[in-house]
Each structure stands twice: as structure tokens, then as C-alpha cells.
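What follows is a set of notes on a single structure, which appears directly below.
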Amino acid sequence: MRTTKLGPNWFAAVMGTGIVANAVALLPVTIPGLHAFAVAIWVLAAVLLVALAVATLVQWTAHADAARGTVSDPAMAQFYGAPAMALMTVGAGALLIGKSLIGAHAALITDGVLWSLGTIIGLATSAAIPLLLFTRQRIAREMTLPTWLMPIVPPMVSAANGAALVAHLPAGQASLTLLLLCYSMFGLSLVASLVIISLVWARLAYDGPGPAATVPTFWIVLGPLGQSITAANLLGAQAPHAIGAPYATAMRAMGVLYGVPIWGFAMLWLVIAATITTLTARRSLPFTMTWWSFTFPVGTVVTGTSELALHTHADVFTGAAVALYALLLVAWFAAAANTARGVLNGRLLGSARAIARSSVPAPAVPGATA
């Protein structure tokens with residue numbers, strides 16, 4: 001009997017599913033029936049999270065050597081940011097969507113626990129995975145991919161989702177500490193993301209998009225862009241609960257003053273990523289787990305656009321948020337349907353390293369240390 005082995009990249013399915021639900025709560029318009037749909041999707045994301053967490057625990061217990069191999073593998077190691085973001089996405093969904101099902105108190109506890117776990121794991125990956133890349137792994141230039149963003153984006157997710165917890169802490173040092181911690185994680189992730197995005201831009205200019213299987217990963221760039229817009233606005237809205245004037249006023253204004261220019265770059269990158277994907281699909285774009293890159297990053301742009309619509313009352317952002325959510329739904333259905341088909345026919349249930357190589361085919365430089 002073959003043993004099924006899953007890698008951390010599978011947690012991207014939880015992220016991509018959860019953001020479909022969470023984005024509904026922040027949309028600037030109310031669409032009949034959409035809330036009930038969001039509740040069902042949040043439950044699905046929670047079930048997927050539990051299933052993958054159990055499978056991962058079994059893998060590390062029963063197949064420790066194979067599990068450790070995913071850490072030393074340059075392609076797969078980058079995905080260790082996904083479990084942290086999956087935890088926080090489901091946690092945020094509990095407070096945004098799930099409270100109508102499990103109650104406000106249980107939702108708050110669920111979010112607090114999952115946010116704390118995700119934040120700890122995310123801070124660890126944001127340091128450990130780049131250090132592993134810098135000190136232990138030797139790679140070729142064509143391995144410069146947007147997947148490098150995966151381990152350093154979790155602190156930005158912590159910043160965005162932590163905003164909702166600020167108001168639930170006692171006024172004073174507790175709420176102030178959480179607010180400032182979130183802004184610090186915002187900066188940590190933003191600066192590192194800008195460095196990596198610059199490298200990805202250079203890689204595209206010098207070497208082109210590369211193999212078809214890597215093309216969906218270029219959508220990952222939208223993740224830190226959209227999530228940073230979301231975080232800046234959500235934190236600004238909660239700042240008055242934790243800090244006084246003039247800083248609370250400045251933090252609230254920062255949401256729009258930062259968000260609108262970054263939204264412009266996000267739209268530019270959306271056009272670039274969509275064009276490259278379309279040109280590649282005309283030749284061949286076979287399904288791999290990287291198709292989940294079409295979901296969560298787009299979802300963060302939906303939430304960021306929705307926040308800009310809320311704070312500016314601009315119809316252009318309202319319309320854009322709805323259009324982007326429609327794009328998110330199409331992407332999610334495509335990724336989910338193909339994943340379900342791949343699981344049922346067994347094609348996706350290979351070894352973790354095989355899955356990584358099929359998702360991000362990037363050879364290491366000969367003589368590299370593992």
C-alpha cells in the first residue's frame with residue numbers, strides 16, 4: 001500500500017479557500033445569499049486545515065526523513081510559510097464569518113489561538129527559511145521565483161488579522177503593544193517583499209517567465225501588495241483604541257495614503273501576471289498545485305480594495321472590489337476542481353518532494369549542500 005505524503009504547499013489550498021469566505025465580510029456591497037455561501041466555504045477551509053494538520057503530524061511522526069527532506073529542498077522549503085497563513089486565514093474567518101455559526105465568544109477564542117500560533121510560526125519561517133537559503137542551499141538564478149515571498153508574507157497576514165484583536169484587549173499597554181507589534185510585522189514583511197519583488201522583476205527581464213509550471217507563482221506578488229493595503233487600513237481603523245493623537249489620526253490616514261499608490265502597482269502587476277499566464281496557456285498550462293497562487297493573492301487585493309472603498313467612499317474601488325471578487329471565484333473553482341480531480345485519480349498523492357518539483361521545477365546548482 002502506497003503511503004501518501006503531503007508537503008506544506010498543500011496548505012495553500014486552505015489559504016485560497018479561506019480568503020474566498022473572508023473577502024465576503026469586507027466587500028463594500030451586500031449580495032443576497034453570499035453570506036451563507038461564505039459560511040459554507042469557511043467551514044470547508046476549517047475542515048481542510050484540520051485534515052492537513054493531522055496528515056502533516058502523521059508525516060513528521062511516521063516518515064521523519066521524508067518530512068525533513070522537504071525542509072532541505074530549495075523548492076519545497078519556501079512553502080513553509082503556507083501553514084502559518086492557513087492558520088490565520090481560518091482564524092480570521094471565524095471572527096468575520098464563523099461567528100454566525102459558532103457564536104461570537106467561540107469565534108474570538110478561535111481567532112486568538114490560531115492567530116497566535118500562525119504568528120509564531122510565521123515569524124520563525126520569515127527568518128529561518130531565508131537563512132537556510134543564504135547559508136545552506138546553493139541555487140541557480142532561474143530559481144529566483146515569487147515563491148520566495150511565501151515564508152516572509154506571514155507577518156503581513158499577522159498584521160492584517162491582528163488588527164481585529166486590538167479592540168478586544170484592555171485599553172493601555174496590552175492593546176498598544178499588539179498594535180505596535182502589528183505595525184512592526186507590517187514593516188518586516190513589506191521591506192523583505194519589496195526586495196524579492198525587485199529580484200523577480202529582474203529575473204523576468206533577464207530570463208523570461210520560465211517553465212509553464214512556474215507561471216502561476218507570479219500571481220503571488222499580489223499577496224504582499226494586497227495584504228499590506230488591507231493591513232494598513234485595518235490597523236489604522238483600530239489605532240484609536242490603543243494610541244492617542246496625533247498618531248492615531250496619522251495611522252488612519254496612512255491606510256489611504258499608502259494604499260492607493262500600492263493599489264496602482266498591484267493593478268500593474270495584475271496585468272503583467274494575467275498577460276504572461278494567458279500567453280503561456282495558449283501553448284500549455286498544465287495543472288499543478290501552483291494554481292492555488294491564483295486564489296489567495298487575488299483575495300488579498302479584494303480585501304485591500306474593499307478597505308479603500310470603505311475609507312474613501314470612491315465608487316471606482318467599490319466596482320473594482322466586486323470585479324476582483326468575481327475573478328477570485330473563477331480562480332478558486334478552477335483550482336479546487338482540478339485539485340479534487342487530482343486527489344481522486346491519485347496523481348497529486350505522490351511524495352512531497354515530487355509534488356514540490358512538479359509545482360516549482362527549479363534545479364539546484366551542482367554541488368549544492370542539502
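Identifiers in the C-alpha cells: chain A, B, ... in order shown; residue index from 1 per chain; ligand index from 1 in order shown.
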Contacts of range 157-271 of chain A with range 109-115 of chain A up to 9 Å, shortest pair per row, only C-alpha atoms, as CSV:
residue,atom,partner,partner_atom,distance
A:Ser158,CA,A:Trp115,CA,6.9
A:Asn161,CA,A:Trp115,CA,7.4
A:Gly162,CA,A:Trp115,CA,7.2
A:Leu165,CA,A:Gly112,CA,7.4
Quick one: write out the picked residues with N, CA, C and O atoms as a PDB file, in the first residue's frame?
ATOM      1  N   SER A 158      -0.267  38.429   9.729  1.00  0.00           N
ATOM      2  CA  SER A 158      -0.428  38.671  11.172  1.00  0.00           C
ATOM      3  C   SER A 158      -0.825  40.113  11.441  1.00  0.00           C
ATOM      4  O   SER A 158      -1.680  40.398  12.291  1.00  0.00           O
ATOM      5  N   ASN A 161      -4.587  40.583  10.232  1.00  0.00           N
ATOM      6  CA  ASN A 161      -5.563  39.873  11.057  1.00  0.00           C
ATOM      7  C   ASN A 161      -5.480  40.242  12.532  1.00  0.00           C
ATOM      8  O   ASN A 161      -6.462  40.118  13.259  1.00  0.00           O
ATOM      9  N   GLY A 162      -4.310  40.706  12.952  1.00  0.00           N
ATOM     10  CA  GLY A 162      -4.168  41.121  14.335  1.00  0.00           C
ATOM     11  C   GLY A 162      -4.934  42.386  14.659  1.00  0.00           C
ATOM     12  O   GLY A 162      -5.274  42.642  15.819  1.00  0.00           O
ATOM     13  N   LEU A 165      -8.046  42.052  16.670  1.00  0.00           N
ATOM     14  CA  LEU A 165      -7.894  41.664  18.066  1.00  0.00           C
ATOM     15  C   LEU A 165      -7.548  42.843  18.968  1.00  0.00           C
ATOM     16  O   LEU A 165      -7.690  42.747  20.186  1.00  0.00           O
TER      17      LEU A 165
END
Inset, instruction - Write out as a PyMOL selection string all residues of range 106-177 of chain A that backbone DSSP assigns to alpha helix (DSSP H). - result: chain A and resi 106-135+154-166+173-177
Inset, instruction - Kindly give the distance, in Å, that separates CA of His105 in chain A and CA of Gly18 in chain A, rounded to a single decimal. - result: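 Interatomic distance here is 20.1 Å.
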Can you pull out every residue within 12 Å of Pro216 in chain A, counting only C-alpha atoms, but drop anything in the same chain fewer than 6 positions away, and send it as an mmCIF file with N, CA, C and O atoms, in the first residue's frame?
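Output file out30.cif follows:
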data_model
loop_
_atom_site.group_PDB
_atom_site.id
_atom_site.type_symbol
_atom_site.label_atom_id
_atom_site.label_comp_id
_atom_site.auth_asym_id
_atom_site.auth_seq_id
_atom_site.Cartn_x
_atom_site.Cartn_y
_atom_site.Cartn_z
ATOM 1 N N LEU A 145 12.190 32.969 -7.839
ATOM 2 C CA LEU A 145 10.762 32.904 -8.115
ATOM 3 C C LEU A 145 9.967 33.632 -7.029
ATOM 4 O O LEU A 145 10.457 33.814 -5.902
ATOM 5 N N PRO A 146 8.736 34.010 -7.331
ATOM 6 C CA PRO A 146 7.889 34.638 -6.312
ATOM 7 C C PRO A 146 7.593 33.740 -5.121
ATOM 8 O O PRO A 146 7.114 34.231 -4.098
ATOM 9 N N THR A 147 7.861 32.436 -5.231
ATOM 10 C CA THR A 147 7.687 31.563 -4.071
ATOM 11 C C THR A 147 8.580 31.980 -2.909
ATOM 12 O O THR A 147 8.302 31.621 -1.759
ATOM 13 N N PRO A 209 9.709 34.315 -18.282
ATOM 14 C CA PRO A 209 8.868 33.646 -17.280
ATOM 15 C C PRO A 209 9.348 32.264 -16.874
ATOM 16 O O PRO A 209 9.090 31.819 -15.761
ATOM 17 N N GLY A 210 10.018 31.546 -17.775
ATOM 18 C CA GLY A 210 10.474 30.207 -17.422
ATOM 19 C C GLY A 210 9.435 29.142 -17.717
ATOM 20 O O GLY A 210 8.485 29.372 -18.466
ATOM 21 N N LEU A 222 1.044 39.580 -5.881
ATOM 22 C CA LEU A 222 -0.134 40.347 -5.456
ATOM 23 C C LEU A 222 -0.404 40.174 -3.968
ATOM 24 O O LEU A 222 -1.040 41.037 -3.341
ATOM 25 N N LEU A 270 -1.075 42.897 -11.805
ATOM 26 C CA LEU A 270 -2.178 42.034 -12.221
ATOM 27 C C LEU A 270 -2.208 41.898 -13.740
ATOM 28 O O LEU A 270 -2.395 40.787 -14.277
ATOM 29 N N ILE A 272 0.394 42.351 -15.763
ATOM 30 C CA ILE A 272 1.591 41.598 -16.156
ATOM 31 C C ILE A 272 1.386 40.102 -15.943
ATOM 32 O O ILE A 272 1.631 39.278 -16.839
ATOM 33 N N ALA A 273 0.921 39.727 -14.746
ATOM 34 C CA ALA A 273 0.737 38.310 -14.425
ATOM 35 C C ALA A 273 -0.325 37.682 -15.316
ATOM 36 O O ALA A 273 -0.159 36.545 -15.797
ATOM 37 N N ALA A 274 -1.428 38.404 -15.552
ATOM 38 C CA ALA A 274 -2.507 37.865 -16.385
ATOM 39 C C ALA A 274 -2.052 37.693 -17.830
ATOM 40 O O ALA A 274 -2.393 36.696 -18.485
ATOM 41 N N THR A 275 -1.260 38.621 -18.320
ATOM 42 C CA THR A 275 -0.765 38.525 -19.702
ATOM 43 C C THR A 275 0.192 37.352 -19.867
ATOM 44 O O THR A 275 0.082 36.571 -20.821
ATOM 45 N N ILE A 276 1.135 37.226 -18.944
ATOM 46 C CA ILE A 276 2.077 36.106 -19.005
ATOM 47 C C ILE A 276 1.329 34.777 -18.909
ATOM 48 O O ILE A 276 1.631 33.826 -19.635
ATOM 49 N N THR A 277 0.344 34.708 -18.019
ATOM 50 C CA THR A 277 -0.434 33.473 -17.858
ATOM 51 C C THR A 277 -1.207 33.144 -19.132
ATOM 52 O O THR A 277 -1.247 31.985 -19.573
ATOM 53 N N THR A 278 -1.821 34.158 -19.749
ATOM 54 C CA THR A 278 -2.597 33.937 -20.970
ATOM 55 C C THR A 278 -1.708 33.456 -22.114
ATOM 56 O O THR A 278 -2.056 32.507 -22.833
ATOM 57 N N LEU A 279 -0.557 34.095 -22.263
ATOM 58 C CA LEU A 279 0.364 33.695 -23.331
ATOM 59 C C LEU A 279 0.862 32.268 -23.115
ATOM 60 O O LEU A 279 1.000 31.493 -24.071
ATOM 61 N N THR A 280 1.123 31.922 -21.856
ATOM 62 C CA THR A 280 1.579 30.567 -21.554
ATOM 63 C C THR A 280 0.472 29.551 -21.791
ATOM 64 O O THR A 280 0.707 28.466 -22.334
ATOM 65 N N ALA A 281 -0.759 29.895 -21.397
ATOM 66 C CA ALA A 281 -1.886 28.975 -21.545
ATOM 67 C C ALA A 281 -2.179 28.670 -23.007
ATOM 68 O O ALA A 281 -2.696 27.595 -23.327
ATOM 69 N N LEU A 285 -0.631 25.049 -20.173
ATOM 70 C CA LEU A 285 -0.544 25.408 -18.759
ATOM 71 C C LEU A 285 -1.155 24.270 -17.942
ATOM 72 O O LEU A 285 -2.272 24.368 -17.436
ATOM 73 N N PRO A 286 -0.429 23.160 -17.831
ATOM 74 C CA PRO A 286 -0.966 22.000 -17.107
ATOM 75 C C PRO A 286 -1.180 22.309 -15.631
ATOM 76 O O PRO A 286 -0.474 23.129 -15.049
ATOM 77 N N PHE A 287 -2.153 21.626 -15.041
ATOM 78 C CA PHE A 287 -2.462 21.879 -13.635
ATOM 79 C C PHE A 287 -1.364 21.347 -12.724
ATOM 80 O O PHE A 287 -0.899 20.216 -12.857
ATOM 81 N N THR A 288 -0.930 22.190 -11.794
ATOM 82 C CA THR A 288 -0.097 21.781 -10.659
ATOM 83 C C THR A 288 -0.651 22.515 -9.449
ATOM 84 O O THR A 288 -1.530 23.373 -9.563
ATOM 85 N N MET A 289 -0.125 22.200 -8.284
ATOM 86 C CA MET A 289 -0.603 22.868 -7.068
ATOM 87 C C MET A 289 -0.308 24.366 -7.078
ATOM 88 O O MET A 289 -0.858 25.117 -6.265
ATOM 89 N N THR A 290 0.557 24.833 -7.986
ATOM 90 C CA THR A 290 0.820 26.270 -8.070
ATOM 91 C C THR A 290 -0.408 27.044 -8.553
ATOM 92 O O THR A 290 -0.434 28.274 -8.445
ATOM 93 N N TRP A 291 -1.419 26.354 -9.074
ATOM 94 C CA TRP A 291 -2.641 27.052 -9.474
ATOM 95 C C TRP A 291 -3.322 27.735 -8.289
ATOM 96 O O TRP A 291 -4.091 28.669 -8.479
ATOM 97 N N TRP A 292 -3.026 27.282 -7.072
ATOM 98 C CA TRP A 292 -3.587 27.959 -5.901
ATOM 99 C C TRP A 292 -3.004 29.363 -5.725
ATOM 100 O O TRP A 292 -3.524 30.167 -4.949
ATOM 101 N N SER A 293 -1.936 29.653 -6.481
ATOM 102 C CA SER A 293 -1.392 31.019 -6.474
ATOM 103 C C SER A 293 -2.374 32.008 -7.096
ATOM 104 O O SER A 293 -2.225 33.223 -6.914
ATOM 105 N N PHE A 294 -3.347 31.514 -7.856
ATOM 106 C CA PHE A 294 -4.352 32.389 -8.441
ATOM 107 C C PHE A 294 -5.385 32.859 -7.410
ATOM 108 O O PHE A 294 -6.186 33.754 -7.705
ATOM 109 N N THR A 295 -5.403 32.262 -6.227
ATOM 110 C CA THR A 295 -6.502 32.491 -5.287
ATOM 111 C C THR A 295 -6.159 33.469 -4.156
ATOM 112 O O THR A 295 -6.618 34.613 -4.162
ATOM 113 N N PHE A 296 -5.359 33.034 -3.194
ATOM 114 C CA PHE A 296 -5.108 33.879 -2.023
ATOM 115 C C PHE A 296 -4.555 35.258 -2.382
ATOM 116 O O PHE A 296 -5.029 36.272 -1.840
ATOM 117 N N PRO A 297 -3.570 35.362 -3.282
ATOM 118 C CA PRO A 297 -3.077 36.706 -3.624
ATOM 119 C C PRO A 297 -4.164 37.618 -4.192
ATOM 120 O O PRO A 297 -4.241 38.799 -3.833
ATOM 121 N N VAL A 298 -5.003 37.084 -5.069
ATOM 122 C CA VAL A 298 -6.114 37.885 -5.600
ATOM 123 C C VAL A 298 -7.071 38.252 -4.473
ATOM 124 O O VAL A 298 -7.588 39.375 -4.399
ATOM 125 N N ALA A 331 -11.092 31.748 -10.181
ATOM 126 C CA ALA A 331 -9.796 31.124 -9.891
ATOM 127 C C ALA A 331 -9.947 30.007 -8.873
ATOM 128 O O ALA A 331 -9.333 28.936 -8.998
ATOM 129 N N ALA A 335 -9.012 26.020 -9.409
ATOM 130 C CA ALA A 335 -8.008 25.347 -8.587
ATOM 131 C C ALA A 335 -8.623 24.216 -7.775
ATOM 132 O O ALA A 335 -8.054 23.113 -7.677
ATOM 133 N N SER A 359 5.567 21.267 -8.955
ATOM 134 C CA SER A 359 4.992 22.598 -8.790
ATOM 135 C C SER A 359 5.992 23.688 -9.120
ATOM 136 O O SER A 359 5.659 24.693 -9.728
ATOM 137 N N VAL A 360 7.238 23.507 -8.673
ATOM 138 C CA VAL A 360 8.266 24.511 -8.900
ATOM 139 C C VAL A 360 9.511 23.820 -9.427
ATOM 140 O O VAL A 360 10.429 23.508 -8.668
#
Inset, instruction - Determine, counting only C-alpha atoms, which protein, DNA and RNA residues have an atom within 7 Å of an atom of range 167-182 of chain A; residues of the same chain fewer than 6 positions away are not included. Present the result as a PyMOL selection string. - result: chain A and resi 158-159+238+241-243
Inset, instruction - List the neighbours of Leu123 in chain A out to 12 Å using only C-alpha atoms; skip same-chain residues closer than 2 positions along the sequence, and give me the result as a ChimeraX atom specification. - result: /A:80-81,84-85,115-121,125-130,150-159,181-182,184-186,188-189
Inset, instruction - Have a look at CA of Ile19 in chain A and CA of Val43 in chain A and let me know their distance in Å, one decimal. - result: 12.0 Å
Inset, instruction - Find the distance between CA of Gly91 in chain A and CA of Val50 in chain A and write it in Å to one decimal. - result: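 Computing the Euclidean distance for CA of Gly91 in chain A and CA of Val50 in chain A yields 12.3 Å.
Residues lying within 7 Å of Phe11 in chain A, counting only C-alpha atoms and ignoring same-chain neighbours fewer than 4 positions away, are Met15, Ala82, Pro83 and Ala86 of chain A.
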Would you save the residues from that selection as a PDB file, in the first residue's frame, using all heavy atoms?
ATOM      1  N   MET A  15      -5.501  28.405   2.453  1.00  0.00           N
ATOM      2  CA  MET A  15      -5.432  29.857   2.300  1.00  0.00           C
ATOM      3  C   MET A  15      -6.385  30.346   1.212  1.00  0.00           C
ATOM      4  O   MET A  15      -7.162  31.291   1.401  1.00  0.00           O
ATOM      5  CB  MET A  15      -4.003  30.276   1.942  1.00  0.00           C
ATOM      6  CG  MET A  15      -2.952  29.990   2.988  1.00  0.00           C
ATOM      7  SD  MET A  15      -1.263  30.020   2.293  1.00  0.00           S
ATOM      8  CE  MET A  15      -1.243  31.626   1.490  1.00  0.00           C
ATOM      9  N   ALA A  82       3.195  28.722   4.263  1.00  0.00           N
ATOM     10  CA  ALA A  82       1.782  28.457   3.997  1.00  0.00           C
ATOM     11  C   ALA A  82       1.010  27.977   5.229  1.00  0.00           C
ATOM     12  O   ALA A  82      -0.121  28.427   5.452  1.00  0.00           O
ATOM     13  CB  ALA A  82       1.640  27.479   2.841  1.00  0.00           C
ATOM     14  N   PRO A  83       1.551  27.045   6.044  1.00  0.00           N
ATOM     15  CA  PRO A  83       0.782  26.626   7.227  1.00  0.00           C
ATOM     16  C   PRO A  83       0.434  27.782   8.158  1.00  0.00           C
ATOM     17  O   PRO A  83      -0.684  27.843   8.685  1.00  0.00           O
ATOM     18  CB  PRO A  83       1.724  25.624   7.913  1.00  0.00           C
ATOM     19  CG  PRO A  83       2.542  25.059   6.801  1.00  0.00           C
ATOM     20  CD  PRO A  83       2.760  26.218   5.869  1.00  0.00           C
ATOM     21  N   ALA A  86      -2.345  29.721   6.585  1.00  0.00           N
ATOM     22  CA  ALA A  86      -3.584  28.939   6.610  1.00  0.00           C
ATOM     23  C   ALA A  86      -4.249  29.033   7.983  1.00  0.00           C
ATOM     24  O   ALA A  86      -5.480  29.216   8.086  1.00  0.00           O
ATOM     25  CB  ALA A  86      -3.282  27.480   6.258  1.00  0.00           C
TER      26      ALA A  86
END
Inset, instruction - Between A:Ile262, A:Ala92, A:Ala38, A:Ala64, single out the one closest to Leu329 in chain A, counting only C-alpha atoms. - result: A:Ala38
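Each of A:Ser198, A:Gly236, A:Pro74, A:Trp219 was compared to Ala160 in chain A using only C-alpha atoms, and A:Gly236 turns out to be the nearest.
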